[in-house]
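K.L.:
One structure is given below, represented as structure tokens, and several questions about it will come after.
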Amino acid sequence: MLVSEEACVPAVPGATMPQELQQTDFQLVRVKSTWCRIKKGEALSNDEDEITLSEAKIGECISKGGISWIIEAPIYFCYKVVETYNILEPSNTTLLWGHITDPQQIELTTASKRKLRRFIVIDEVVDKLYGSKVREYFEENNVQHKILSLPTTEETKSMDLVLNILHEVQNFSLDRRTEPIIAIGGGVCLDIVGLAASLYRRRTPYIRVPTTLLSYVDASVGAKNGVNFLQCKNKLGGYTPPVASFLDRSFIQSIPRRHISNGLGEILKMALMKHKGLFDLLKNHGKYLLDTKFQSCNGFADHRDAALQTTRIAIETMLEELAPNLWEDDLDRLVDFGHLISPELEMRVLPSLMHGEAVNVDMAFMTYVAHARGLLDAEEKEQILQCMRGLELPVWHSGCSWALIQRALRERLKHSGGQLRMPLPTGLGVAEIFNDTSEETLERAYELWVRDCKTVLEEELQAQGDGPAPSLTCLPL
């Protein structure tokens, strides 16, 4: 993109428009070890072996008022999302070499006599389940390693924990380019380690190994990292993708059933936004997926397997939305469905709701908003709610008051450039983003939502007779 004349216009309030502009666009080339600029279109030296042409450009604007430079420097990232199985088997070298994309680099690294070194951060719950296998893996492969086991929860997701990691990384003395930090755990662990790696020496490579369904389909495939701050979810963070994410569904068999439902909330988000086939998979096989904990009963490579199909479609649809907009330059994002109210709700009621549960409460309310706007008919609305119930997800929470929704949407306006940018389903598996939903429509949807939820609750209580009443705070209606 060439620098436009508009880019040269003074941005300072009160500054006068220059009478004459002299504008020149430059390319950047490296000759041997030195970068220099040449005018766009100017011929390069014949000695091409000594020259590197950059995609970066500099535009120079000269006027009577002075000179200004406009720098265009594209940032390139390449990262891998890799399905694997039994990643902790010592014979599986994915954790050692799987992040390297250049075959020649793999040959050089494996041929080197230098001992491999790895710094691993593992969630303390995962450490109790798999810590011995992690240690055995690196010992069997003769890797010098340090394992840091930490409590990584929403309550501990803070800069204090990031600094704790950085102190240990500094003591281990990592090579900033060839020794990636490895994070093994759920989404909170991956977020915290990602932020720490992005800060250490301004960017140290890191690897994500998700151990929950939620992190498998969500946190592991994008670029974002962050921590909570001032009781606000992910208020501090950045966009630095890992060099690789290694996805092993065998970890998911060890997590509780509620955690499976938690991950299904994020999968359902992608189904409602853009994939009717995925919605049908969840609707028809949700109980099976919960019962089998996403383990493939017919073998890992069986493409007809519901678990494999579900996770692959969820990841592919997520990557389709994230890859063209990795740094969120465009704030209109379908993947924000379920994330307008849930950040406020989740932090407000900690630890009552898990992330995917809070997202689903948000999505349930927004389904009513879509219905109130005439985007969904009654049958489509009911199909969505029935699917949520089948996945054992809450469709309402007592903490999600009208006042909280108003507060959350005010925060959304600040976060999204003064517009709500509200993703809403316009059918099953299709969606659009809206900025014109009135407060009257929102309040009408809220009243209907609460009324329906209470009706279902009363019916369930009557069906139970005189037995103990279910909890009102997090009821999967």
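To be explicit about the labels: the chains of the structure tokens are called A, B, and onward in the order shown, and within each one the residues are counted from 1, while ligands get numbers from 1 in the order they are shown.
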Which residues are near A:Leu282? Cut-off 8 Å, only C-alpha atoms, ignore same chain within fewer than 3 positions. Put them as JSON, numbers by chain.

P.N.:
{"A": [268, 278, 279, 285, 286, 310, 387, 391]}

K.L.:
Going by DSSP on the backbone, which bits of stretch 197-433 of chain A are strand (DSSP E)? Write them as number ranges by chain, please.

P.N.:
A: 206-210, 224-229, 232-239, 244-248, 422-427, 430-433

K.L.:
What lies within 6 Å of stretch 426-443 of chain A using only C-alpha atoms, ignoring chain neighbours under 2 positions off, as a PyMOL selection string?

P.N.:
chain A and resi 271-276+375-376+420-424+445-446

K.L.:
Let me make sure I understand: among A:Arg30, A:Lys128, A:His145, A:Lys233, which one has the smallest atom-to-atom distance to A:Ala408 if we use only C-alpha atoms?

P.N.:
A:Lys233

K.L.:
Can you list, as a PDB file with all heavy atoms, in the first residue's frame, every protein, DNA or RNA residue that comes within 12 Å of A:Ile75 when you count only C-alpha atoms, leaving out same-chain residues fewer than 6 positions away?

P.N.:
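What ended up in selection-v5.pdb:
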```pdb
ATOM      1  N   SER A  54      12.742  -6.107   1.750  1.00  0.00           N
ATOM      2  CA  SER A  54      11.745  -6.183   2.817  1.00  0.00           C
ATOM      3  C   SER A  54      10.365  -5.775   2.302  1.00  0.00           C
ATOM      4  O   SER A  54      10.251  -4.993   1.355  1.00  0.00           O
ATOM      5  CB  SER A  54      12.139  -5.261   3.968  1.00  0.00           C
ATOM      6  OG  SER A  54      11.107  -5.182   4.934  1.00  0.00           O
ATOM      7  N   GLU A  55       9.326  -6.318   2.930  1.00  0.00           N
ATOM      8  CA  GLU A  55       7.967  -5.877   2.626  1.00  0.00           C
ATOM      9  C   GLU A  55       7.652  -4.552   3.313  1.00  0.00           C
ATOM     10  O   GLU A  55       6.638  -3.926   3.013  1.00  0.00           O
ATOM     11  CB  GLU A  55       6.952  -6.936   3.070  1.00  0.00           C
ATOM     12  CG  GLU A  55       7.020  -8.215   2.247  1.00  0.00           C
ATOM     13  CD  GLU A  55       5.931  -9.198   2.640  1.00  0.00           C
ATOM     14  OE1 GLU A  55       4.947  -8.775   3.283  1.00  0.00           O
ATOM     15  OE2 GLU A  55       6.063 -10.383   2.325  1.00  0.00           O
ATOM     16  N   ALA A  56       8.487  -4.145   4.239  1.00  0.00           N
ATOM     17  CA  ALA A  56       8.279  -2.870   4.925  1.00  0.00           C
ATOM     18  C   ALA A  56       8.528  -1.701   3.972  1.00  0.00           C
ATOM     19  O   ALA A  56       9.307  -1.812   3.017  1.00  0.00           O
ATOM     20  CB  ALA A  56       9.200  -2.757   6.135  1.00  0.00           C
ATOM     21  N   TYR A 239      -1.186 -10.033  21.854  1.00  0.00           N
ATOM     22  CA  TYR A 239      -1.406 -10.945  20.738  1.00  0.00           C
ATOM     23  C   TYR A 239      -0.073 -11.527  20.312  1.00  0.00           C
ATOM     24  O   TYR A 239       0.625 -10.957  19.484  1.00  0.00           O
ATOM     25  CB  TYR A 239      -2.054 -10.211  19.563  1.00  0.00           C
ATOM     26  CG  TYR A 239      -3.375  -9.554  19.874  1.00  0.00           C
ATOM     27  CD1 TYR A 239      -3.430  -8.233  20.305  1.00  0.00           C
ATOM     28  CD2 TYR A 239      -4.573 -10.255  19.730  1.00  0.00           C
ATOM     29  CE1 TYR A 239      -4.648  -7.621  20.587  1.00  0.00           C
ATOM     30  CE2 TYR A 239      -5.788  -9.648  20.007  1.00  0.00           C
ATOM     31  CZ  TYR A 239      -5.823  -8.338  20.440  1.00  0.00           C
ATOM     32  OH  TYR A 239      -7.021  -7.742  20.715  1.00  0.00           O
ATOM     33  N   THR A 240       0.303 -12.634  20.910  1.00  0.00           N
ATOM     34  CA  THR A 240       1.520 -13.340  20.502  1.00  0.00           C
ATOM     35  C   THR A 240       1.193 -14.814  20.418  1.00  0.00           C
ATOM     36  O   THR A 240       1.065 -15.487  21.442  1.00  0.00           O
ATOM     37  CB  THR A 240       2.669 -13.119  21.511  1.00  0.00           C
ATOM     38  OG1 THR A 240       2.862 -11.716  21.716  1.00  0.00           O
ATOM     39  CG2 THR A 240       3.955 -13.740  20.994  1.00  0.00           C
ATOM     40  N   LEU A 326      -5.994 -11.643  13.277  1.00  0.00           N
ATOM     41  CA  LEU A 326      -5.288 -12.159  14.446  1.00  0.00           C
ATOM     42  C   LEU A 326      -5.111 -11.107  15.535  1.00  0.00           C
ATOM     43  O   LEU A 326      -5.098 -11.411  16.724  1.00  0.00           O
ATOM     44  CB  LEU A 326      -3.928 -12.712  14.017  1.00  0.00           C
ATOM     45  CG  LEU A 326      -3.344 -13.855  14.841  1.00  0.00           C
ATOM     46  CD1 LEU A 326      -4.288 -15.041  14.912  1.00  0.00           C
ATOM     47  CD2 LEU A 326      -2.008 -14.293  14.264  1.00  0.00           C
ATOM     48  N   TRP A 327      -4.953  -9.845  15.118  1.00  0.00           N
ATOM     49  CA  TRP A 327      -4.739  -8.766  16.084  1.00  0.00           C
ATOM     50  C   TRP A 327      -6.019  -7.959  16.334  1.00  0.00           C
ATOM     51  O   TRP A 327      -5.976  -6.897  16.930  1.00  0.00           O
ATOM     52  CB  TRP A 327      -3.617  -7.837  15.606  1.00  0.00           C
ATOM     53  CG  TRP A 327      -2.268  -8.416  15.832  1.00  0.00           C
ATOM     54  CD1 TRP A 327      -1.461  -8.250  16.920  1.00  0.00           C
ATOM     55  CD2 TRP A 327      -1.574  -9.304  14.961  1.00  0.00           C
ATOM     56  NE1 TRP A 327      -0.309  -8.978  16.769  1.00  0.00           N
ATOM     57  CE2 TRP A 327      -0.347  -9.638  15.576  1.00  0.00           C
ATOM     58  CE3 TRP A 327      -1.870  -9.864  13.716  1.00  0.00           C
ATOM     59  CZ2 TRP A 327       0.587 -10.490  14.997  1.00  0.00           C
ATOM     60  CZ3 TRP A 327      -0.949 -10.732  13.135  1.00  0.00           C
ATOM     61  CH2 TRP A 327       0.266 -11.020  13.779  1.00  0.00           C
TER      62      TRP A 327
END
```

K.L.:
Tell me which protein, DNA and RNA residues are within 9 Å of A:Trp35, counting only C-alpha atoms, leaving out same-chain ones fewer than 6 positions away, and put them as an MDAnalysis selection string.

P.N.:
chainID A and resid 28:29 52

K.L.:
Could you give me, as a list in words, the residues within 12 Å of A:Asn86, counting only C-alpha atoms and dropping anything in the same chain fewer than 5 positions from it?

P.N.:
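In the requested format, the answer is Ser91, Asn92, Thr93, Thr94, Leu95, Tyr130, Lys133, Val134, Tyr137, Val209, Phe246, Leu247, Asp248, Arg249, Ser250, Phe251, Ile252 and Phe300 of chain A.
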
K.L.:
Would you give me, as a ChimeraX atom specification, the residues in stretch 113-346 of chain A that DSSP reads as helix (DSSP H, G or I)?

P.N.:
/A:124-140,159-172,187-202,213-219,249-254,257-274,276-292,306-325,334-336,342-346

K.L.:
What lies within 10 Å of A:Glu124 using only C-alpha atoms, ignoring chain neighbours under 3 positions off, as number ranges by chain?

P.N.:
A: 121, 127-131, 148-152, 184-185, 189

K.L.:
Given only C-alpha atoms as the basis, pick out the residue of A:Asp280, A:Asp191, A:Asp123, A:Asp336 nearest to A:Gly238.

P.N.:
A:Asp191

K.L.:
Report, in Å to a single decimal, how far apart atom CA of A:Gly66 and atom CA of A:Phe26 are.

P.N.:
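Separation of atom CA of A:Phe26 and atom CA of A:Gly66: 18.3 Å.
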
K.L.:
So, with only C-alpha atoms as the atoms that count, which of A:Gly226, A:Gly186, A:Pro103, A:Gly41 lies closest to A:Pro210?

P.N.:
A:Gly186
